[in-house]
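Asks: Just so it is clear, I am handing over input-v2.txt, which has compact mmCIF, C-alpha atoms.
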# COMPACT_ATOMS: atom_id res chain seq x y z
CA MET C 1 65.58 -142.97 150.95
CA ARG C 2 64.75 -146.57 150.13
CA GLU C 3 62.82 -147.41 147.05
CA SER C 4 59.52 -149.05 147.94
CA ARG C 5 58.86 -152.37 146.32
CA PRO C 6 55.46 -152.90 144.71
CA PRO C 7 53.26 -155.37 146.54
CA ALA C 8 53.17 -158.94 145.32
CA LEU C 9 50.53 -159.93 142.84
CA THR C 10 47.39 -161.50 144.17
CA PRO C 11 46.35 -164.68 142.33
CA GLU C 12 43.31 -162.90 140.92
CA ALA C 13 45.31 -159.95 139.65
CA SER C 14 48.05 -162.13 138.19
CA GLU C 15 45.52 -163.75 135.86
CA LEU C 16 44.93 -160.32 134.32
CA GLN C 17 48.58 -159.58 133.57
CA PRO C 18 49.21 -158.61 129.95
CA ARG C 19 51.17 -161.48 128.47
CA PRO C 20 53.51 -160.82 125.54
CA GLY C 21 53.16 -163.07 122.57
CA TRP C 22 52.89 -163.37 118.84
CA GLY C 23 49.11 -163.44 119.05
CA ARG C 24 48.85 -159.96 120.50
CA ASN C 25 51.52 -158.54 118.19
CA GLY C 26 49.92 -160.24 115.22
CA ALA C 27 46.52 -158.74 116.09
CA LYS C 28 48.11 -155.29 116.30
CA VAL C 29 49.81 -155.66 112.91
CA PHE C 30 46.59 -156.97 111.37
CA SER C 31 44.51 -154.07 112.72
CA LEU C 32 47.05 -151.53 111.48
CA ALA C 33 47.12 -153.18 108.05
CA MET C 34 43.33 -153.21 107.83
CA SER C 35 43.10 -149.53 108.78
CA ALA C 36 45.80 -148.61 106.26
CA ALA C 37 44.09 -150.59 103.48
CA LEU C 38 40.65 -149.07 104.16
CA LEU C 39 42.03 -145.53 104.37
CA ALA C 40 44.05 -146.01 101.18
CA ALA C 41 40.95 -147.24 99.34
CA LEU C 42 38.90 -144.34 100.69
CA TYR C 43 41.35 -141.60 99.79
CA ARG C 44 41.81 -143.01 96.29
CA ALA C 45 38.06 -142.66 95.77
CA VAL C 46 37.72 -139.06 97.03
CA ASP C 47 39.42 -135.79 96.23
CA VAL C 48 41.92 -135.13 99.03
CA ARG C 49 42.14 -131.46 98.05
CA LEU C 50 38.43 -131.02 98.74
CA ILE C 51 38.85 -132.68 102.13
CA VAL C 52 41.60 -130.20 102.96
CA ARG C 53 39.34 -127.38 101.79
CA GLU C 54 36.55 -128.65 104.06
CA LEU C 55 38.89 -128.74 107.04
CA ARG C 56 40.34 -125.29 106.30
CA GLY C 57 36.85 -123.81 106.17
CA VAL C 58 35.78 -125.26 109.51
CA ASP C 59 34.06 -122.91 111.97
CA THR C 60 36.69 -122.43 114.69
CA ALA C 61 34.25 -121.63 117.49
CA TRP C 62 32.09 -124.68 116.81
CA LEU C 63 35.20 -126.84 116.43
CA ILE C 64 36.53 -125.79 119.85
CA VAL C 65 33.16 -126.44 121.50
CA SER C 66 32.67 -129.81 119.80
CA VAL C 67 36.22 -131.03 120.54
CA GLY C 68 35.78 -129.80 124.11
CA MET C 69 32.85 -132.19 124.50
CA ILE C 70 35.42 -134.93 125.04
CA VAL C 71 35.83 -133.56 128.59
CA PRO C 72 32.27 -134.37 129.79
CA ILE C 73 32.38 -137.63 127.80
CA THR C 74 35.55 -138.76 129.58
CA LEU C 75 34.17 -137.66 132.94
CA LEU C 76 30.94 -139.60 132.37
CA ARG C 77 32.98 -142.69 131.46
CA ALA C 78 34.94 -142.34 134.68
CA ILE C 79 31.79 -141.94 136.79
CA ARG C 80 30.28 -145.03 135.19
CA PHE C 81 33.44 -147.03 135.86
CA TYR C 82 33.34 -145.90 139.48
CA ARG C 83 29.73 -147.05 139.73
CA VAL C 84 30.46 -150.44 138.12
CA ALA C 85 33.56 -151.21 140.23
CA PRO C 86 33.14 -153.14 143.50
CA PRO C 87 32.64 -150.88 146.53
CA GLY C 88 36.01 -149.71 147.83
CA ALA C 89 37.95 -150.91 144.77
CA VAL C 90 38.30 -147.37 143.41
CA PRO C 91 38.91 -144.66 146.06
CA GLY C 92 36.88 -142.02 144.24
CA VAL C 93 35.84 -140.50 140.93
CA ALA C 94 39.25 -138.81 140.59
CA GLU C 95 41.04 -142.17 140.65
CA ALA C 96 38.41 -143.60 138.29
CA LEU C 97 39.16 -140.72 135.91
CA ARG C 98 42.91 -141.41 136.09
CA LEU C 99 42.40 -145.12 135.35
CA THR C 100 40.03 -144.25 132.50
CA LEU C 101 42.66 -141.97 130.94
CA VAL C 102 45.42 -144.55 131.42
CA SER C 103 43.33 -147.29 129.79
CA SER C 104 42.54 -144.97 126.86
CA ALA C 105 46.28 -144.45 126.38
CA ALA C 106 46.86 -148.22 126.50
CA ASN C 107 44.12 -148.75 123.90
CA VAL C 108 46.25 -146.83 121.40
CA PHE C 109 48.85 -149.59 121.51
CA MET C 110 46.76 -152.65 122.33
CA PRO C 111 44.33 -154.30 119.88
CA ALA C 112 40.55 -154.57 120.35
CA LYS C 113 40.58 -151.99 123.16
CA SER C 114 42.18 -154.56 125.47
CA GLY C 115 43.84 -151.67 127.28
CA ASP C 116 40.60 -151.47 129.28
CA LEU C 117 41.84 -154.56 131.13
CA ILE C 118 44.21 -152.24 133.00
CA LYS C 119 41.18 -150.96 134.92
CA SER C 120 40.17 -154.52 135.75
CA TYR C 121 43.72 -155.34 136.82
CA PHE C 122 43.88 -152.58 139.39
CA VAL C 123 40.40 -153.42 140.66
CA ALA C 124 41.46 -157.05 141.19
CA LYS C 125 44.74 -155.96 142.81
CA ARG C 126 43.24 -153.47 145.23
CA ARG C 127 40.02 -155.19 146.15
CA GLY C 128 40.94 -158.82 145.64
CA ALA C 129 38.01 -159.32 143.29
CA SER C 130 38.08 -162.49 141.24
CA ALA C 131 39.47 -162.37 137.73
CA GLY C 132 36.02 -163.33 136.44
CA VAL C 133 34.31 -160.35 138.05
CA SER C 134 37.14 -158.00 137.05
CA VAL C 135 37.01 -159.00 133.38
CA ALA C 136 33.20 -158.99 133.48
CA MET C 137 33.40 -155.29 134.35
CA VAL C 138 35.01 -154.57 130.97
CA VAL C 139 32.40 -156.64 129.12
CA TYR C 140 29.61 -155.00 131.13
CA GLU C 141 30.76 -151.51 130.17
CA ARG C 142 31.05 -152.56 126.52
CA LEU C 143 27.49 -153.91 126.53
CA CYS C 144 26.27 -150.73 128.23
CA ASP C 145 27.95 -148.79 125.42
CA LEU C 146 26.11 -150.87 122.83
CA VAL C 147 22.78 -150.34 124.59
CA GLY C 148 23.30 -146.58 124.69
CA LEU C 149 24.55 -146.35 121.12
CA ILE C 150 21.84 -148.58 119.64
CA THR C 151 19.12 -146.75 121.59
CA TRP C 152 19.95 -143.40 120.00
CA CYS C 153 20.52 -145.05 116.62
CA ALA C 154 17.08 -146.67 116.74
CA LEU C 155 15.34 -143.52 117.97
CA GLY C 156 16.99 -141.46 115.24
CA TRP C 157 15.90 -144.00 112.64
CA PHE C 158 12.33 -144.11 114.00
CA VAL C 159 11.99 -140.31 113.85
CA ALA C 160 13.90 -139.50 110.64
CA ARG C 161 13.86 -142.77 108.63
CA PRO C 162 17.19 -141.90 106.97
CA VAL C 163 17.69 -142.79 103.33
CA VAL C 164 20.69 -145.07 102.84
CA ALA C 165 21.02 -146.58 99.38
CA GLY C 166 22.29 -150.16 99.30
CA VAL C 167 21.65 -150.79 103.01
CA PRO C 168 18.69 -153.09 103.75
CA ALA C 169 15.83 -151.49 105.67
CA ALA C 170 15.90 -154.44 108.09
CA LEU C 171 19.24 -153.23 109.49
CA TRP C 172 17.71 -150.88 112.05
CA PRO C 173 15.08 -153.32 113.43
CA LEU C 174 17.78 -155.98 113.71
CA LEU C 175 20.03 -153.52 115.54
CA SER C 176 17.14 -152.73 117.87
CA LEU C 177 16.66 -156.43 118.65
CA PHE C 178 20.38 -156.79 119.31
CA GLY C 179 20.27 -153.76 121.60
CA ALA C 180 17.34 -155.28 123.49
CA LEU C 181 19.33 -158.50 123.92
CA CYS C 182 22.28 -156.51 125.30
CA GLY C 183 19.85 -154.76 127.64
CA VAL C 184 18.68 -158.11 129.01
CA LEU C 185 22.27 -159.27 129.52
CA ILE C 186 23.24 -156.21 131.56
CA SER C 187 20.08 -156.11 133.65
CA SER C 188 18.94 -159.68 134.36
CA GLU C 189 20.75 -161.62 137.08
CA ARG C 190 18.61 -164.67 136.31
CA VAL C 191 19.80 -164.75 132.69
CA ALA C 192 23.38 -164.35 133.94
CA ARG C 193 23.03 -167.38 136.23
CA LEU C 194 21.47 -169.44 133.43
CA GLY C 195 24.37 -168.51 131.14
CA ALA C 196 26.96 -169.52 133.74
CA ALA C 197 25.16 -172.83 134.36
CA LEU C 198 24.97 -173.53 130.62
CA CYS C 199 28.68 -172.78 130.29
CA ALA C 200 29.45 -175.15 133.20
CA ARG C 201 27.43 -177.92 131.55
CA ILE C 202 29.17 -177.45 128.20
CA LEU C 203 32.67 -177.32 129.70
CA SER C 204 32.05 -180.20 132.16
CA GLY C 205 34.97 -179.27 134.38
CA ARG C 206 37.33 -178.50 131.51
CA LEU C 207 38.98 -175.10 131.06
CA PRO C 208 38.54 -173.94 134.67
CA ARG C 209 39.74 -170.42 133.84
CA VAL C 210 37.02 -170.02 131.21
CA GLN C 211 34.47 -171.25 133.72
CA ALA C 212 35.79 -168.77 136.30
CA LEU C 213 35.26 -165.95 133.81
CA ALA C 214 31.73 -167.18 133.07
CA ASP C 215 30.95 -167.30 136.79
CA GLY C 216 32.16 -163.72 137.11
CA TRP C 217 29.18 -162.40 135.11
CA PRO C 218 26.41 -163.33 137.59
CA GLY C 219 28.81 -162.37 140.37
CA LEU C 220 29.16 -158.88 138.91
CA LEU C 221 25.41 -158.43 138.41
CA HIS C 222 24.75 -159.59 141.96
CA MET C 223 27.36 -157.14 143.25
CA LEU C 224 25.84 -154.28 141.25
CA GLY C 225 22.35 -154.93 142.63
CA GLY C 226 20.30 -151.74 142.51
CA ARG C 227 23.10 -149.84 140.79
CA ARG C 228 22.35 -151.50 137.45
CA ALA C 229 19.53 -149.10 136.51
CA PRO C 230 21.57 -145.93 137.28
CA VAL C 231 24.53 -147.34 135.33
CA ILE C 232 22.33 -148.02 132.30
CA ALA C 233 20.80 -144.54 132.55
CA LEU C 234 24.30 -143.08 132.77
CA SER C 235 25.28 -144.99 129.63
CA LEU C 236 22.30 -143.57 127.77
CA LEU C 237 23.36 -140.07 128.79
CA LEU C 238 26.97 -140.79 127.84
CA TRP C 239 26.08 -141.83 124.31
CA LEU C 240 23.62 -138.99 123.89
CA VAL C 241 26.55 -136.65 124.50
CA HIS C 242 28.57 -138.69 121.96
CA VAL C 243 26.02 -138.27 119.16
CA ILE C 244 25.52 -134.59 120.04
CA GLN C 245 29.28 -134.10 119.71
CA ILE C 246 29.32 -135.69 116.26
CA TRP C 247 26.39 -133.55 115.13
CA MET C 248 28.31 -130.51 116.37
CA PHE C 249 31.21 -131.60 114.15
CA THR C 250 28.82 -131.44 111.17
CA VAL C 251 27.83 -127.89 112.20
CA ALA C 252 31.51 -126.94 112.42
CA LEU C 253 31.96 -128.24 108.86
CA SER C 254 28.84 -126.32 107.70
CA VAL C 255 27.22 -129.62 106.74
CA HIS C 256 23.43 -129.35 106.94
CA ILE C 257 22.10 -132.66 108.23
CA PRO C 258 19.23 -133.15 110.71
CA PHE C 259 20.28 -134.19 114.20
CA THR C 260 18.15 -137.35 114.13
CA VAL C 261 19.71 -138.45 110.83
CA SER C 262 23.20 -137.68 112.13
CA ALA C 263 22.52 -139.59 115.36
CA SER C 264 21.25 -142.68 113.56
CA LEU C 265 23.89 -142.90 110.84
CA SER C 266 26.86 -141.86 112.96
CA ALA C 267 25.84 -144.45 115.57
CA VAL C 268 26.10 -147.20 112.96
CA ALA C 269 29.52 -145.89 111.90
CA LEU C 270 30.68 -145.80 115.53
CA MET C 271 29.55 -149.39 116.03
CA LEU C 272 31.51 -150.49 112.98
CA GLY C 273 34.49 -148.61 114.39
CA GLN C 274 34.19 -150.66 117.60
CA LEU C 275 34.88 -153.91 115.73
CA PRO C 276 38.35 -155.28 116.62
CA PHE C 277 39.55 -155.46 113.01
CA THR C 278 40.98 -151.96 112.64
CA PHE C 279 43.27 -149.71 114.67
CA ALA C 280 41.13 -147.51 116.96
CA GLY C 281 38.29 -147.72 114.41
CA LEU C 282 40.29 -145.88 111.74
CA GLY C 283 39.27 -146.81 108.25
CA ALA C 284 36.12 -148.76 109.07
CA ARG C 285 34.43 -145.75 110.66
CA ASP C 286 35.57 -143.38 107.88
CA VAL C 287 34.38 -145.64 105.06
CA ALA C 288 31.07 -146.22 106.88
CA LEU C 289 30.47 -142.47 107.20
CA VAL C 290 31.05 -141.93 103.48
CA VAL C 291 28.75 -144.81 102.50
CA LEU C 292 25.97 -144.09 105.00
CA MET C 293 25.83 -140.30 104.53
CA LYS C 294 26.21 -140.13 100.76
CA ALA C 295 22.53 -139.17 100.37
CA TYR C 296 23.05 -136.14 102.62
CA VAL C 297 26.63 -134.90 102.27
CA ARG C 298 29.46 -135.06 99.77
CA PRO C 299 32.00 -137.88 100.24
CA GLU C 300 34.71 -135.33 100.99
CA SER C 301 32.59 -133.78 103.77
CA ALA C 302 31.94 -137.21 105.27
CA ALA C 303 35.67 -138.01 105.10
CA ALA C 304 36.47 -134.70 106.83
CA LEU C 305 33.90 -135.60 109.49
CA GLY C 306 35.71 -138.90 110.01
CA LEU C 307 38.97 -137.04 110.59
CA LEU C 308 37.34 -134.79 113.19
CA ILE C 309 35.83 -137.81 114.94
CA SER C 310 39.31 -139.32 115.15
CA THR C 311 40.35 -136.52 117.50
CA ARG C 312 38.10 -138.15 120.11
CA ASN C 313 40.58 -141.04 120.33
CA LEU C 314 43.66 -138.82 120.52
CA LEU C 315 42.91 -136.26 123.22
CA PRO C 316 42.32 -138.62 126.21
CA PRO C 317 45.63 -140.48 125.63
CA LEU C 318 47.42 -137.14 125.40
CA ALA C 319 45.80 -136.08 128.68
CA ALA C 320 47.01 -139.36 130.21
CA LEU C 321 50.69 -138.76 129.42
CA PRO C 322 51.49 -136.90 132.69
CA ILE C 323 49.89 -139.61 134.86
CA VAL C 324 50.47 -142.88 133.02
CA ARG C 325 54.01 -143.56 134.23
CA PRO C 326 53.25 -144.54 137.89
CA TYR C 327 50.64 -147.06 136.77
CA LEU C 328 52.87 -148.64 134.14
CA THR C 329 55.80 -148.67 136.58
CA THR C 330 53.69 -150.48 139.18
CA LEU C 331 52.44 -152.95 136.60
CA ALA C 332 55.93 -153.64 135.21
CA GLY C 333 57.39 -154.00 138.71
CA GLU C 334 54.78 -156.53 139.76
CA VAL C 335 55.20 -158.51 136.56
CA ARG C 336 58.97 -158.72 137.21
CA LEU C 337 58.34 -159.71 140.83
CA ALA C 338 55.90 -162.44 139.77
CA ALA C 339 58.43 -163.71 137.22
CA ARG C 340 61.11 -163.97 139.95
CA GLN C 341 58.73 -165.78 142.29
CA SER C 342 57.53 -168.29 139.70
CA PRO C 343 59.25 -171.69 139.92
CA ASN C 344 61.83 -172.63 137.31
CA PRO C 345 60.57 -175.61 135.27
CA GLY C 346 64.08 -177.03 135.17
CA GLU C 347 64.15 -177.25 138.97
CA ALA C 348 61.02 -179.35 139.21
Translate the structure described by the file into structure tokens.

Replies:
Amino acid sequence: MRESRPPALTPEASELQPRPGWGRNGAKVFSLAMSAALLAALYRAVDVRLIVRELRGVDTAWLIVSVGMIVPITLLRAIRFYRVAPPGAVPGVAEALRLTLVSSAANVFMPAKSGDLIKSYFVAKRRGASAGVSVAMVVYERLCDLVGLITWCALGWFVARPVVAGVPAALWPLLSLFGALCGVLISSERVARLGAALCARILSGRLPRVQALADGWPGLLHMLGGRRAPVIALSLLLWLVHVIQIWMFTVALSVHIPFTVSASLSAVALMLGQLPFTFAGLGARDVALVVLMKAYVRPESAAALGLLISTRNLLPPLAALPIVRPYLTTLAGEVRLAARQSPNPGEA
């Protein structure tokens, strides 16, 4: 039986190939170092024995239910990806789920969640979508995440007005304004066209690849058409399930904190964890939880909550282990094929 050779890279897909280099490795080392430094500072300031006691006293039934919430969360992410992808680029929700799991596994090893580009790569390869549209899909989903997260953060703040010493009261209104800006970016095709035109004027024909990526944004919004509103609504539901899961973690730890307070403060911590300075949000999210929730829970309880939240980033990659190999094999095979087909500079 002959071994089938992977198809050649399309020009659009080849622009999305992961390229090895010191920059990517340096970013990974930096994020690991930042996470290690923040965690070291945190655990020097709290009693580790009390954290262990908090975790040993966790309610098993609530823990199983709250950890199990990662299943509907991952499924909702896959459905949203399927809705954002160009028609026909993803055969169905099952394939969208597999790509979502594979990208979550890649995010463990790649900085700034750049593993999500794997989804864009396969969309460009299968559908022939431009690199600009394919990369815009990743940015679009990130902005949808921010809209969903900030919405529940702002609503929780409006209802509960949480007390956070040392944090300016203007933080929540500013977050709301930022969320509104993100909402405009993901919903307005006119704003997208204006942004692409402004980018073209600034670049003046220079950096054509950057301009191609800028042009991909209005192209994506035009392609989405009437699907934009359902995608945004799906993102709101997705992040409602997220904040419910985190509140359920507090119940499992027997920490008494109102849901609205938990939603608002944990949303801020999750946003800080999304910043590309730490490894999978470790350290930044944990320190933020301790600082933000100190008026409601002990530092050790908040640190234990941070450890439980970390399980959200471990289970999807573990679920991806049985299915990740074919995708990585295809990607590696096409990269090798492209390398063989590229001209040798010395022969020019």

Asks: Find the residue from C:Arg227, C:Lys125, C:Arg201, C:Arg161 that sits nearest to C:Tyr82; use only C-alpha atoms when measuring.

Replies: C:Arg227

Asks: Which residues are near C:Tyr296? Cut-off 12 Å, all atoms listed in the file, ignore same chain within fewer than 6 positions. Put them as a PDB file with C-alpha atoms, in the coordinates of the input.

Replies:
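Once everything was written out, this is selection-v5.pdb:
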ATOM      1  CA  PRO C 162      17.190-141.900 106.970  1.00  0.00           C
ATOM      2  CA  VAL C 163      17.690-142.790 103.330  1.00  0.00           C
ATOM      3  CA  VAL C 164      20.690-145.070 102.840  1.00  0.00           C
ATOM      4  CA  ALA C 165      21.020-146.580  99.380  1.00  0.00           C
ATOM      5  CA  THR C 250      28.820-131.440 111.170  1.00  0.00           C
ATOM      6  CA  VAL C 255      27.220-129.620 106.740  1.00  0.00           C
ATOM      7  CA  HIS C 256      23.430-129.350 106.940  1.00  0.00           C
ATOM      8  CA  ILE C 257      22.100-132.660 108.230  1.00  0.00           C
ATOM      9  CA  PRO C 258      19.230-133.150 110.710  1.00  0.00           C
ATOM     10  CA  VAL C 261      19.710-138.450 110.830  1.00  0.00           C
ATOM     11  CA  SER C 262      23.200-137.680 112.130  1.00  0.00           C
ATOM     12  CA  LEU C 265      23.890-142.900 110.840  1.00  0.00           C
ATOM     13  CA  LEU C 289      30.470-142.470 107.200  1.00  0.00           C
ATOM     14  CA  VAL C 290      31.050-141.930 103.480  1.00  0.00           C
ATOM     15  CA  ALA C 302      31.940-137.210 105.270  1.00  0.00           C
TER      16      ALA C 302
END

Asks: Extract, using all atoms listed in the file, all DNA, RNA and protein residues at most 7 Å from stretch 49-56 of chain C, discarding same-chain residues fewer than 4 positions from it, and format them as an mmCIF file with C-alpha atoms, in the coordinates of the input.

Replies:
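Done, and the output landed in result_34.cif:
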data_model
loop_
_atom_site.group_PDB
_atom_site.id
_atom_site.type_symbol
_atom_site.label_atom_id
_atom_site.label_comp_id
_atom_site.auth_asym_id
_atom_site.auth_seq_id
_atom_site.Cartn_x
_atom_site.Cartn_y
_atom_site.Cartn_z
ATOM 1 C CA LEU C 253 31.960 -128.240 108.860
ATOM 2 C CA GLU C 300 34.710 -135.330 100.990
ATOM 3 C CA SER C 301 32.590 -133.780 103.770
ATOM 4 C CA ALA C 303 35.670 -138.010 105.100
ATOM 5 C CA ALA C 304 36.470 -134.700 106.830
#

Asks: Any idea what's packed within 12 Å of C:Ser176, counting all atoms listed in the file, ignoring anything in its chain fewer than 2 positions away? Could you give it as an MDAnalysis selection string?

Replies: chainID C and resid 146:158 170:174 178:183 264 268

Asks: Could you check which residues have any atom within 7 Å of (40.6, -144.9, 107.3), counting all atoms listed in the file with coordinates taken straight from the file, and then list them as a ChimeraX atom specification?

Replies: /C:35-36,38-39,42,282-284,286-287

Asks: Can you spit out the residues from that selection as a CSV table (one decimal), in the coordinates of the input, using C-alpha atoms?

Replies:
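See part_30.csv below for the written result:
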chain,number,residue,atom,x,y,z
C,35,SER,CA,43.1,-149.5,108.8
C,36,ALA,CA,45.8,-148.6,106.3
C,38,LEU,CA,40.6,-149.1,104.2
C,39,LEU,CA,42.0,-145.5,104.4
C,42,LEU,CA,38.9,-144.3,100.7
C,282,LEU,CA,40.3,-145.9,111.7
C,283,GLY,CA,39.3,-146.8,108.2
C,284,ALA,CA,36.1,-148.8,109.1
C,286,ASP,CA,35.6,-143.4,107.9
C,287,VAL,CA,34.4,-145.6,105.1

Asks: So, counting all atoms listed in the file, which residue among C:Ala89, C:Val67, C:Val291, C:Leu143 is closest to C:Tyr121?

Replies: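 Among C:Ala89, C:Val67, C:Val291, C:Leu143, it is C:Ala89 that comes nearest to C:Tyr121.
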
Asks: Would you mind listing what lies within 9 Å of C:Val231 as a PyMOL selection string, with only C-alpha atoms counted and same-chain residues fewer than 2 positions away left out?

Replies: chain C and resi 80-81+83-84+144+227-229+233-236

Asks: If you keep C-alpha atoms, can you produce a file of those selected residues as a PDB file, in the frame of the given file?

Replies:
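Once everything was written out, this is selection_10.pdb:
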ATOM      1  CA  ARG C  80      30.280-145.030 135.190  1.00  0.00           C
ATOM      2  CA  PHE C  81      33.440-147.030 135.860  1.00  0.00           C
ATOM      3  CA  ARG C  83      29.730-147.050 139.730  1.00  0.00           C
ATOM      4  CA  VAL C  84      30.460-150.440 138.120  1.00  0.00           C
ATOM      5  CA  CYS C 144      26.270-150.730 128.230  1.00  0.00           C
ATOM      6  CA  ARG C 227      23.100-149.840 140.790  1.00  0.00           C
ATOM      7  CA  ARG C 228      22.350-151.500 137.450  1.00  0.00           C
ATOM      8  CA  ALA C 229      19.530-149.100 136.510  1.00  0.00           C
ATOM      9  CA  ALA C 233      20.800-144.540 132.550  1.00  0.00           C
ATOM     10  CA  LEU C 234      24.300-143.080 132.770  1.00  0.00           C
ATOM     11  CA  SER C 235      25.280-144.990 129.630  1.00  0.00           C
ATOM     12  CA  LEU C 236      22.300-143.570 127.770  1.00  0.00           C
TER      13      LEU C 236
END

Asks: In terms of the shortest atom-to-atom distance over all atoms listed in the file, which of C:Val48, C:Leu314, C:Leu185, C:Val135 is closest to C:Asp116?

Replies: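 Of C:Val48, C:Leu314, C:Leu185, C:Val135, the one nearest C:Asp116, counting all atoms listed in the file, is C:Val135.
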
Asks: What is the atom CA of C:Pro326 to atom CA of C:Glu141 distance in Å?

Replies: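 The value is 24.8 Å.
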